[in-house]
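Here the structure is laid out as structure tokens; the discussion comes afterwards.
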Amino acid sequence: MLVAHIALPVPLARTFDYLIPDGMTIAAGCRASVPFGRRQMVGIVLAVSEHSELPHNELKSVSEALDSQPLFPAPLWRLLLWAKDYYHHPVGEVLFHALPVLLRQGKPDHPAPLWYWRASEEGQSIDINSLKRAAKQQQALAMLRQRDIWRHQVPELEISETALQALRKKGLCDIHSQLPEITDWRPGFTVSGDRLRLNTEQATAVGAIHGESGQFAAWLLAGITGSGKTEVYLSVLENVLAQGRQALVLVPEIGLTPQTIARFRERFNAPVEVLHSALNDSERLSAWLKARSGEAAIVIGTRSALFTPFKDLGVIVIDEEHDSSYKQQEGWRYHARDLAVFRAHAENIPIILGSATPALETLHNVRIGKYRQLKLTRRAGNARPATQHVLDLKGQALQAGLAPQLIARMRQHLQADNQVILFLNRRGFAPALLCHDCGWIAECPRCDHYYTLHQAQRHLRCHHCDSQRPLPPQCPQCGSTHMVPVGLGTEQLEQLLAPLFPGVPISRIDRDTTSRKGALEQQLADVYRGGARVLIGTQMLAKGHHFPDVTLVSLLDVDGALFSADFRAAERFAQLYTQVSGRAGRAGKQGEVVLQTHHPDHPLLQTLLHQGYDAFADQALAERQTMMLPPWSSHILIRAEDHNNQQAPVFLQQFRNLLQSSPLADQQLWLIGPVPALQPKRGGRFRWQLLLQHGSRARLQRLLSDSLKLVNTLPEARRVKWVLDVDPIES
């Protein structure tokens, strides 16, 4: 008998064998319902063979084959199997992560049927007046005699489902189903929106990418903010769609999708589908199915949209490729940008990595010839580079966290009917709550981190584990009612600005104000209407948005980013500063950027202000080469957590001993730890880590694979929660 080797969504790096009953057909990449313990589970067939390590009489049988064809196209299947080895993650969790939730639950892999009401023969011939005592039934039957009524249209037509069910009981109508037809967008494809005239650099970039459209090529589109990268994407996609092929566009955050979707839908007379975490399960499955059938021309989505199957994928675009949101930080810790390059290679198609501030790893890949670089050095249209100023905060009397010179500049820009962005990467009212009498500070007991005060909701919230507690009426330590907020958050800034700029609308854009569906789109629509306005925002506001009336941008509190234990902090700050600065002066108006700091002479600031991001990147790459840090070496981080702060370090020391005793360990291997994580406690668990560094990625991978075979023999392995993070971006 044949045996199916099935991956289940469990945290075990193995498959499970089941017998395939006679007459059942099932192949690799298909789902199957199987008994697992006392319950039925959905699994994915990894392979079919005649062999099992267990005797056939000890194997259970597959209960049901759920698919007639594999769910994953061959290139995507290869990507997922390669990724589970590279990231050393259980195969079942990897494969199920790539599926919409409804497919994980065993729902059909085809669109749900559409239901419609139709009058029966008796309903067509009966005297309509015989229903005059049931007016609603009479009205419904009169409509049904003229045409069929789709079930989703019933509320719009002001007839009731109850009346239709009553007619059905009388045999006067019935309900029927029909699978939705797959519509082909290709014959009617046109470019419906206005094309902007490309400048020489944009046209050169489009021509270079189009010239190699039939094969794999990784292009870094490095364009300063406002240089028209999106217009290059649109022109490349126009060529791809004209050939009848599809496109995948990844953006780092949901916040960028409304503006991006609008531009793509305006330009192309072709279906654009969206995939991100704010959709419900049915919407996600619908978009997934349309991409697989070829019904969707373009899919725009966040990180996990990378795993969408396509009928004929022609190009992948990664917008803001440097963004850390592309790295999954829970469960399977993959990097969507890196896997996208692998997928483009597997599909033999071009991939475009766009950014004004490319990641140092990406620039390194350009230097060694893996990627090719296209530069956009001029702002699109007649937009001019913004002027930049540093305000030294030492000795200044601040109002609402703003220096007097900044308030004066804001007034000038607002009086000219322009808009101002104040960037403060700290949501909530205040980052801490302090007792003025005894010095007690509200601290999350699960994280050893200060609670953030959210004044509007009257509660304290931990931004690390998301736990909440009501705002205490008095100090729990001394009983004083003199509780004072310490520090400045976006909510407090909004409150303090209102009296400073009476009559000027203020928009606060952060995760708290945009959590409701449609809230972000409404906020952005208010901004685009123009006129004097102050925008307060966190990182959500810094990325990719085009605000034509913004002429002044200020970064209020960035000093913490200048002094960090994380070697990547300088790169992140340089990217953030450059991205935020790029929001100013994008439509022909002169822009101005003001940075408030207590450290105006910091060398990182001086390099960015006077030489720009490219000079910073060259300097940072040289420093990393000297210190043999990524991209000049590879990192793998092993994190362990426990409840008593004892077992995790012991486990990591045992793991370290295992690695050091391996015959694959050599002089280039550098092990750091076990040491406490930068945030040593989160969610009630104590966190420790062990860092592996080696100059050869392949050698480090082999060493880890070899050691993982023995890790379950370690005494503490089952007493701690531990995870692997390959190519970590956070410590």
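Chain labels follow the order of the structure tokens: the first chain is A, the next B, and so on; residue numbering restarts at 1 in every chain, and ligands are counted from 1 in their shown order.
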Considering only C-alpha atoms, tabulate each residue of region 559-630 of chain A that lies at most 10 Å from region 359-362 of chain A along with its nearest interatomic pair and the corresponding distance in Å to one decimal; arrange the rows by chain and ascending residue number and present them as CSV.
```
residue,atom,partner,partner_atom,distance
A:Arg568,CA,A:Leu360,CA,9.8
A:Glu571,CA,A:Leu360,CA,7.9
A:Arg572,CA,A:Ala359,CA,9.0
A:Gln575,CA,A:Ala359,CA,8.5
A:Ala617,CA,A:Leu360,CA,6.6
A:Asp618,CA,A:Leu360,CA,8.8
A:Ala620,CA,A:Leu360,CA,8.1
A:Leu621,CA,A:Leu360,CA,6.8
A:Arg624,CA,A:Leu360,CA,9.8
A:Pro630,CA,A:Glu361,CA,7.5
```
Kindly save the residues from that selection, with all heavy atoms included, as a short mmCIF file (atom, residue, chain, number, x, y, z; two decimals), in the first residue's frame.
```cif
data_model
loop_
_atom_site.label_atom_id
_atom_site.label_comp_id
_atom_site.auth_asym_id
_atom_site.auth_seq_id
_atom_site.Cartn_x
_atom_site.Cartn_y
_atom_site.Cartn_z
N ARG A 568 22.66 47.72 14.93
CA ARG A 568 21.83 48.15 13.80
C ARG A 568 21.12 49.48 14.06
O ARG A 568 20.45 50.01 13.18
CB ARG A 568 20.77 47.10 13.47
CG ARG A 568 21.35 45.78 12.97
CD ARG A 568 20.23 44.82 12.59
NE ARG A 568 20.76 43.51 12.29
CZ ARG A 568 21.23 43.13 11.11
NH1 ARG A 568 21.25 44.00 10.12
NH2 ARG A 568 21.69 41.91 10.92
N GLU A 571 21.87 52.39 11.62
CA GLU A 571 21.25 52.19 10.30
C GLU A 571 19.76 52.52 10.35
O GLU A 571 19.23 53.23 9.49
CB GLU A 571 21.45 50.74 9.85
CG GLU A 571 20.80 50.44 8.49
CD GLU A 571 20.88 48.97 8.11
OE1 GLU A 571 21.39 48.15 8.92
OE2 GLU A 571 20.42 48.63 7.01
N ARG A 572 19.07 52.04 11.40
CA ARG A 572 17.63 52.30 11.50
C ARG A 572 17.35 53.79 11.66
O ARG A 572 16.40 54.33 11.07
CB ARG A 572 17.04 51.51 12.68
CG ARG A 572 16.73 50.07 12.32
CD ARG A 572 15.78 49.45 13.32
NE ARG A 572 16.46 49.10 14.55
CZ ARG A 572 16.95 47.89 14.81
NH1 ARG A 572 16.82 46.92 13.93
NH2 ARG A 572 17.56 47.63 15.94
N GLN A 575 17.87 55.59 8.32
CA GLN A 575 16.74 55.34 7.42
C GLN A 575 15.52 56.14 7.84
O GLN A 575 14.85 56.76 7.00
CB GLN A 575 16.43 53.83 7.41
CG GLN A 575 17.50 53.02 6.69
CD GLN A 575 17.42 51.53 6.97
OE1 GLN A 575 16.79 51.10 7.95
NE2 GLN A 575 18.08 50.73 6.15
N ALA A 617 25.94 55.11 4.56
CA ALA A 617 25.96 53.67 4.27
C ALA A 617 27.38 53.19 3.99
O ALA A 617 27.79 52.12 4.46
CB ALA A 617 25.03 53.37 3.09
N ASP A 618 28.14 53.98 3.21
CA ASP A 618 29.53 53.60 2.92
C ASP A 618 30.34 53.50 4.22
O ASP A 618 31.11 52.56 4.43
CB ASP A 618 30.19 54.63 1.99
CG ASP A 618 29.62 54.56 0.57
OD1 ASP A 618 29.03 53.52 0.23
OD2 ASP A 618 29.76 55.54 -0.18
N ALA A 620 29.16 53.07 7.31
CA ALA A 620 28.67 51.99 8.17
C ALA A 620 29.14 50.63 7.66
O ALA A 620 29.51 49.75 8.46
CB ALA A 620 27.14 52.04 8.23
N LEU A 621 29.14 50.43 6.34
CA LEU A 621 29.62 49.16 5.78
C LEU A 621 31.10 48.95 6.08
O LEU A 621 31.53 47.83 6.38
CB LEU A 621 29.37 49.11 4.27
CG LEU A 621 27.95 48.70 3.84
CD1 LEU A 621 27.75 48.93 2.34
CD2 LEU A 621 27.67 47.24 4.18
N ARG A 624 31.41 47.91 9.69
CA ARG A 624 30.98 46.52 9.92
C ARG A 624 32.01 45.54 9.37
O ARG A 624 32.20 44.47 9.94
CB ARG A 624 29.61 46.29 9.26
CG ARG A 624 28.49 47.01 9.99
CD ARG A 624 27.18 46.34 9.75
NE ARG A 624 26.06 47.16 10.18
CZ ARG A 624 24.81 46.90 9.88
NH1 ARG A 624 24.52 45.85 9.13
NH2 ARG A 624 23.83 47.67 10.31
N PRO A 630 27.48 41.48 10.22
CA PRO A 630 26.71 41.34 8.97
C PRO A 630 26.68 42.66 8.20
O PRO A 630 26.60 43.72 8.85
CB PRO A 630 25.30 40.97 9.47
CG PRO A 630 25.54 40.31 10.79
CD PRO A 630 26.72 41.02 11.38
#
```
- Item | Filtered DSSP result for region 552-716 of chain A, state strand (DSSP E or B), as JSON, numbers by chain | {"A": [552, 553, 554, 555, 592, 593, 594, 595, 596, 597, 634, 635, 636, 637, 638, 639, 640, 641, 642, 670, 671, 672, 673, 674, 675, 676, 677, 678, 679, 680, 681, 682, 685, 686, 687, 688, 689, 690, 691, 692, 693, 694]}
- Message: Can you pull out the residues contacting Trp117 (chain A)? Cut-off 10 Å, using only C-alpha atoms, and skip same-chain residues under 6 positions away; I want them as a ChimeraX atom specification.
- Response: /A:144,147-151,154,164-165,168,173-177
- Message: I'd like to know which of A:His635, A:Arg426, A:His454, A:His449 is closest to Leu555 (chain A), using only C-alpha atoms.
- Response: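 Nearest candidate to Leu555 (chain A) out of A:His635, A:Arg426, A:His454, A:His449: A:Arg426.
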Near Gly314 (chain A), within 12 Å and counting only C-alpha atoms, which residues show up once chain neighbours fewer than 4 positions away are dropped, as a short mmCIF file (atom, residue, chain, number, x, y, z; two decimals) with N, CA and C atoms, in the first residue's frame?
```cif
data_model
loop_
_atom_site.label_atom_id
_atom_site.label_comp_id
_atom_site.auth_asym_id
_atom_site.auth_seq_id
_atom_site.Cartn_x
_atom_site.Cartn_y
_atom_site.Cartn_z
N ILE A 209 14.92 47.42 -16.83
CA ILE A 209 14.14 46.31 -16.26
C ILE A 209 13.36 45.59 -17.35
N HIS A 210 12.75 46.36 -18.27
CA HIS A 210 11.96 45.76 -19.35
C HIS A 210 12.85 44.93 -20.27
N GLU A 212 15.15 43.00 -19.54
CA GLU A 212 15.46 41.67 -18.99
C GLU A 212 14.22 41.06 -18.35
N SER A 213 13.04 41.36 -18.92
CA SER A 213 11.79 40.96 -18.28
C SER A 213 11.54 39.46 -18.34
N GLY A 214 12.18 38.76 -19.27
CA GLY A 214 11.90 37.33 -19.41
C GLY A 214 12.79 36.44 -18.59
N GLN A 215 13.55 37.00 -17.63
CA GLN A 215 14.47 36.19 -16.85
C GLN A 215 14.68 36.81 -15.47
N PHE A 216 15.34 36.04 -14.60
CA PHE A 216 15.59 36.54 -13.25
C PHE A 216 16.64 37.65 -13.27
N ALA A 217 16.32 38.73 -12.57
CA ALA A 217 17.30 39.79 -12.30
C ALA A 217 16.81 40.51 -11.06
N VAL A 236 6.75 49.70 -15.21
CA VAL A 236 7.21 48.31 -15.35
C VAL A 236 6.00 47.37 -15.38
N LEU A 237 5.05 47.61 -14.46
CA LEU A 237 3.86 46.75 -14.41
C LEU A 237 3.03 46.86 -15.68
N GLU A 238 3.00 48.04 -16.27
CA GLU A 238 2.25 48.22 -17.52
C GLU A 238 2.79 47.26 -18.59
N ASN A 239 4.11 47.16 -18.68
CA ASN A 239 4.72 46.25 -19.66
C ASN A 239 4.40 44.79 -19.34
N VAL A 240 4.44 44.44 -18.04
CA VAL A 240 4.19 43.05 -17.62
C VAL A 240 2.73 42.68 -17.88
N LEU A 241 1.79 43.56 -17.48
CA LEU A 241 0.37 43.27 -17.66
C LEU A 241 0.00 43.21 -19.14
N ALA A 242 0.65 44.03 -19.95
CA ALA A 242 0.37 44.02 -21.40
C ALA A 242 0.73 42.67 -22.01
N GLN A 243 1.66 41.94 -21.38
CA GLN A 243 2.02 40.59 -21.84
C GLN A 243 1.07 39.53 -21.28
N GLY A 244 0.07 39.98 -20.49
CA GLY A 244 -0.90 39.05 -19.92
C GLY A 244 -0.42 38.37 -18.65
N ARG A 245 0.68 38.88 -18.05
CA ARG A 245 1.22 38.26 -16.84
C ARG A 245 0.78 39.05 -15.60
N GLN A 246 1.00 38.47 -14.43
CA GLN A 246 0.54 39.07 -13.17
C GLN A 246 1.71 39.71 -12.42
N ALA A 247 1.37 40.51 -11.39
CA ALA A 247 2.40 41.21 -10.60
C ALA A 247 2.07 41.11 -9.12
N LEU A 248 3.13 40.99 -8.32
CA LEU A 248 3.01 41.01 -6.86
C LEU A 248 3.76 42.22 -6.34
N VAL A 249 3.07 43.05 -5.55
CA VAL A 249 3.68 44.25 -4.98
C VAL A 249 3.59 44.14 -3.45
N GLY A 294 -5.67 33.37 -11.86
CA GLY A 294 -5.30 34.35 -12.89
C GLY A 294 -6.29 35.49 -13.01
N ALA A 297 -5.01 40.63 -11.57
CA ALA A 297 -3.84 41.06 -12.35
C ALA A 297 -2.70 41.46 -11.43
N ILE A 298 -3.05 42.17 -10.34
CA ILE A 298 -2.04 42.67 -9.40
C ILE A 298 -2.49 42.30 -7.99
N VAL A 299 -1.56 41.80 -7.18
CA VAL A 299 -1.83 41.60 -5.75
C VAL A 299 -0.90 42.54 -4.98
N PHE A 310 0.27 32.21 -7.94
CA PHE A 310 -0.15 32.94 -9.14
C PHE A 310 -0.22 31.97 -10.32
N ARG A 343 12.16 33.54 -4.51
CA ARG A 343 10.99 33.19 -5.33
C ARG A 343 11.15 33.72 -6.75
N ALA A 344 11.63 34.95 -6.89
CA ALA A 344 11.83 35.51 -8.23
C ALA A 344 12.81 34.64 -9.03
N HIS A 345 13.84 34.15 -8.35
CA HIS A 345 14.82 33.27 -9.02
C HIS A 345 14.14 31.96 -9.43
N ALA A 346 13.31 31.40 -8.54
CA ALA A 346 12.61 30.14 -8.84
C ALA A 346 11.61 30.31 -9.98
N GLU A 347 10.97 31.50 -10.07
CA GLU A 347 9.98 31.77 -11.11
C GLU A 347 10.64 32.30 -12.39
N ASN A 348 11.96 32.60 -12.31
CA ASN A 348 12.72 33.16 -13.44
C ASN A 348 12.11 34.48 -13.93
N ILE A 349 11.88 35.40 -12.98
CA ILE A 349 11.29 36.70 -13.29
C ILE A 349 12.10 37.79 -12.59
N PRO A 350 11.98 39.05 -13.01
CA PRO A 350 12.69 40.13 -12.32
C PRO A 350 12.04 40.50 -11.00
N ILE A 351 12.85 41.02 -10.09
CA ILE A 351 12.35 41.56 -8.83
C ILE A 351 12.96 42.94 -8.64
N ILE A 352 12.13 43.88 -8.18
CA ILE A 352 12.58 45.26 -7.97
C ILE A 352 12.53 45.55 -6.47
#
```
- Message: So, with only C-alpha atoms as the atoms that count, which of A:Pro663, A:Gly395, A:Pro649, A:Pro21 lies closest to Pro676 (chain A)?
- Response: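 For Pro676 (chain A), the nearest of the candidates is A:Pro649.
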- Query: Any idea what's packed within 7 Å of Leu471 (chain A), counting only C-alpha atoms, ignoring anything in its chain fewer than 3 positions away? Could you give it as a list in words?
  - Reply: Arg458, His459 and Leu460 of chain A
Selected residues written out, all heavy atoms, as a compact mmCIF listing (two decimals), in the first residue's frame:
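Result written to again-v3.txt:
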```
# COMPACT_ATOMS: atom_id res chain seq x y z
N ARG A 458 -8.28 56.10 29.87
CA ARG A 458 -8.10 56.06 31.32
C ARG A 458 -7.49 54.73 31.77
O ARG A 458 -7.93 54.09 32.72
CB ARG A 458 -9.45 56.27 32.06
CG ARG A 458 -10.17 57.56 31.72
CD ARG A 458 -9.56 58.77 32.39
NE ARG A 458 -9.56 58.69 33.84
CZ ARG A 458 -8.81 59.45 34.63
NH1 ARG A 458 -7.97 60.33 34.09
NH2 ARG A 458 -8.86 59.33 35.94
N HIS A 459 -6.47 54.28 31.04
CA HIS A 459 -5.79 53.06 31.48
C HIS A 459 -4.29 53.12 31.19
O HIS A 459 -3.81 53.99 30.46
CB HIS A 459 -6.43 51.80 30.87
CG HIS A 459 -6.22 51.64 29.40
ND1 HIS A 459 -7.18 51.15 28.55
CD2 HIS A 459 -5.14 51.88 28.59
CE1 HIS A 459 -6.71 51.10 27.33
NE2 HIS A 459 -5.48 51.53 27.32
N LEU A 460 -3.56 52.20 31.83
CA LEU A 460 -2.13 52.03 31.59
C LEU A 460 -1.97 50.80 30.71
O LEU A 460 -2.65 49.79 30.91
CB LEU A 460 -1.39 51.83 32.91
CG LEU A 460 -1.49 52.96 33.94
CD1 LEU A 460 -0.90 52.52 35.28
CD2 LEU A 460 -0.78 54.21 33.45
```
- Message: I want to know what sits within 8 Å of Gly673 (chain A), based on only C-alpha atoms, with residues of the same chain fewer than 5 positions away left out; could you give that as a list in words?
- Response: Leu652, Gln653, Gln689, Leu690 and Leu691 of chain A
Filtering to N, CA, C and O atoms, could you give me those residues as a CSV table (one decimal), in the first residue's frame?
```
chain,number,residue,atom,x,y,z
A,652,LEU,N,21.0,27.2,27.4
A,652,LEU,CA,21.8,27.8,26.4
A,652,LEU,C,23.3,27.5,26.6
A,652,LEU,O,24.0,27.3,25.6
A,653,GLN,N,23.7,27.3,27.8
A,653,GLN,CA,25.1,26.9,28.0
A,653,GLN,C,25.3,25.4,27.5
A,653,GLN,O,26.4,25.1,26.9
A,689,GLN,N,19.8,34.8,25.6
A,689,GLN,CA,20.1,34.5,24.2
A,689,GLN,C,21.6,34.0,24.0
A,689,GLN,O,22.5,34.4,24.9
A,690,LEU,N,21.8,33.3,23.0
A,690,LEU,CA,23.1,32.8,22.5
A,690,LEU,C,23.3,33.2,21.1
A,690,LEU,O,22.4,32.8,20.3
A,691,LEU,N,24.3,34.0,20.8
A,691,LEU,CA,24.5,34.4,19.4
A,691,LEU,C,25.6,33.6,18.7
A,691,LEU,O,26.7,33.4,19.3
```
- Fewer than 5 positions away in the same chain doesn't count, so skip those; otherwise give me all residues within 8 Å of region 427-441 of chain A, counting only C-alpha atoms, as a list in words. Tyr450, Tyr451, Thr452, Leu453, His454, Gln455, Cys475, Gln477, Cys478, Ser480, Thr481, His482, Met483, Val484, Pro485, Val486, Gly487, Leu488, Gly489, Thr490, Glu491, Gln492, Leu493, Asp510, Arg511, Asp512 and Thr538 of chain A
Hey, can you spit out that residue selection with C-alpha atoms as a tab-separated table (two decimals), in the first residue's frame?
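Dumped everything to selection-v2.tsv:
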```
chain	number	residue	atom	x	y	z
A	450	TYR	CA	7.15	51.16	32.44
A	451	TYR	CA	3.47	51.24	31.60
A	452	THR	CA	2.42	53.80	28.99
A	453	LEU	CA	-0.39	56.12	30.08
A	454	HIS	CA	-3.36	56.26	27.67
A	455	GLN	CA	-5.36	59.21	28.99
A	475	CYS	CA	-0.29	55.84	44.51
A	477	GLN	CA	2.84	52.75	47.61
A	478	CYS	CA	2.13	55.92	49.64
A	480	SER	CA	-0.85	60.10	47.38
A	481	THR	CA	-3.20	61.37	44.68
A	482	HIS	CA	-0.44	63.48	43.16
A	483	MET	CA	0.23	61.25	40.12
A	484	VAL	CA	2.00	62.96	37.20
A	485	PRO	CA	2.66	61.81	33.62
A	486	VAL	CA	6.36	61.82	32.63
A	487	GLY	CA	7.50	62.31	29.06
A	488	LEU	CA	5.58	63.09	25.89
A	489	GLY	CA	3.45	60.81	23.71
A	490	THR	CA	1.42	61.55	20.56
A	491	GLU	CA	-1.87	61.72	22.49
A	492	GLN	CA	-0.50	64.39	24.88
A	493	LEU	CA	1.16	66.30	22.04
A	510	ASP	CA	-0.81	56.20	15.04
A	511	ARG	CA	-1.95	52.68	15.83
A	512	ASP	CA	-4.47	53.95	18.42
A	538	THR	CA	4.63	57.68	14.61
```
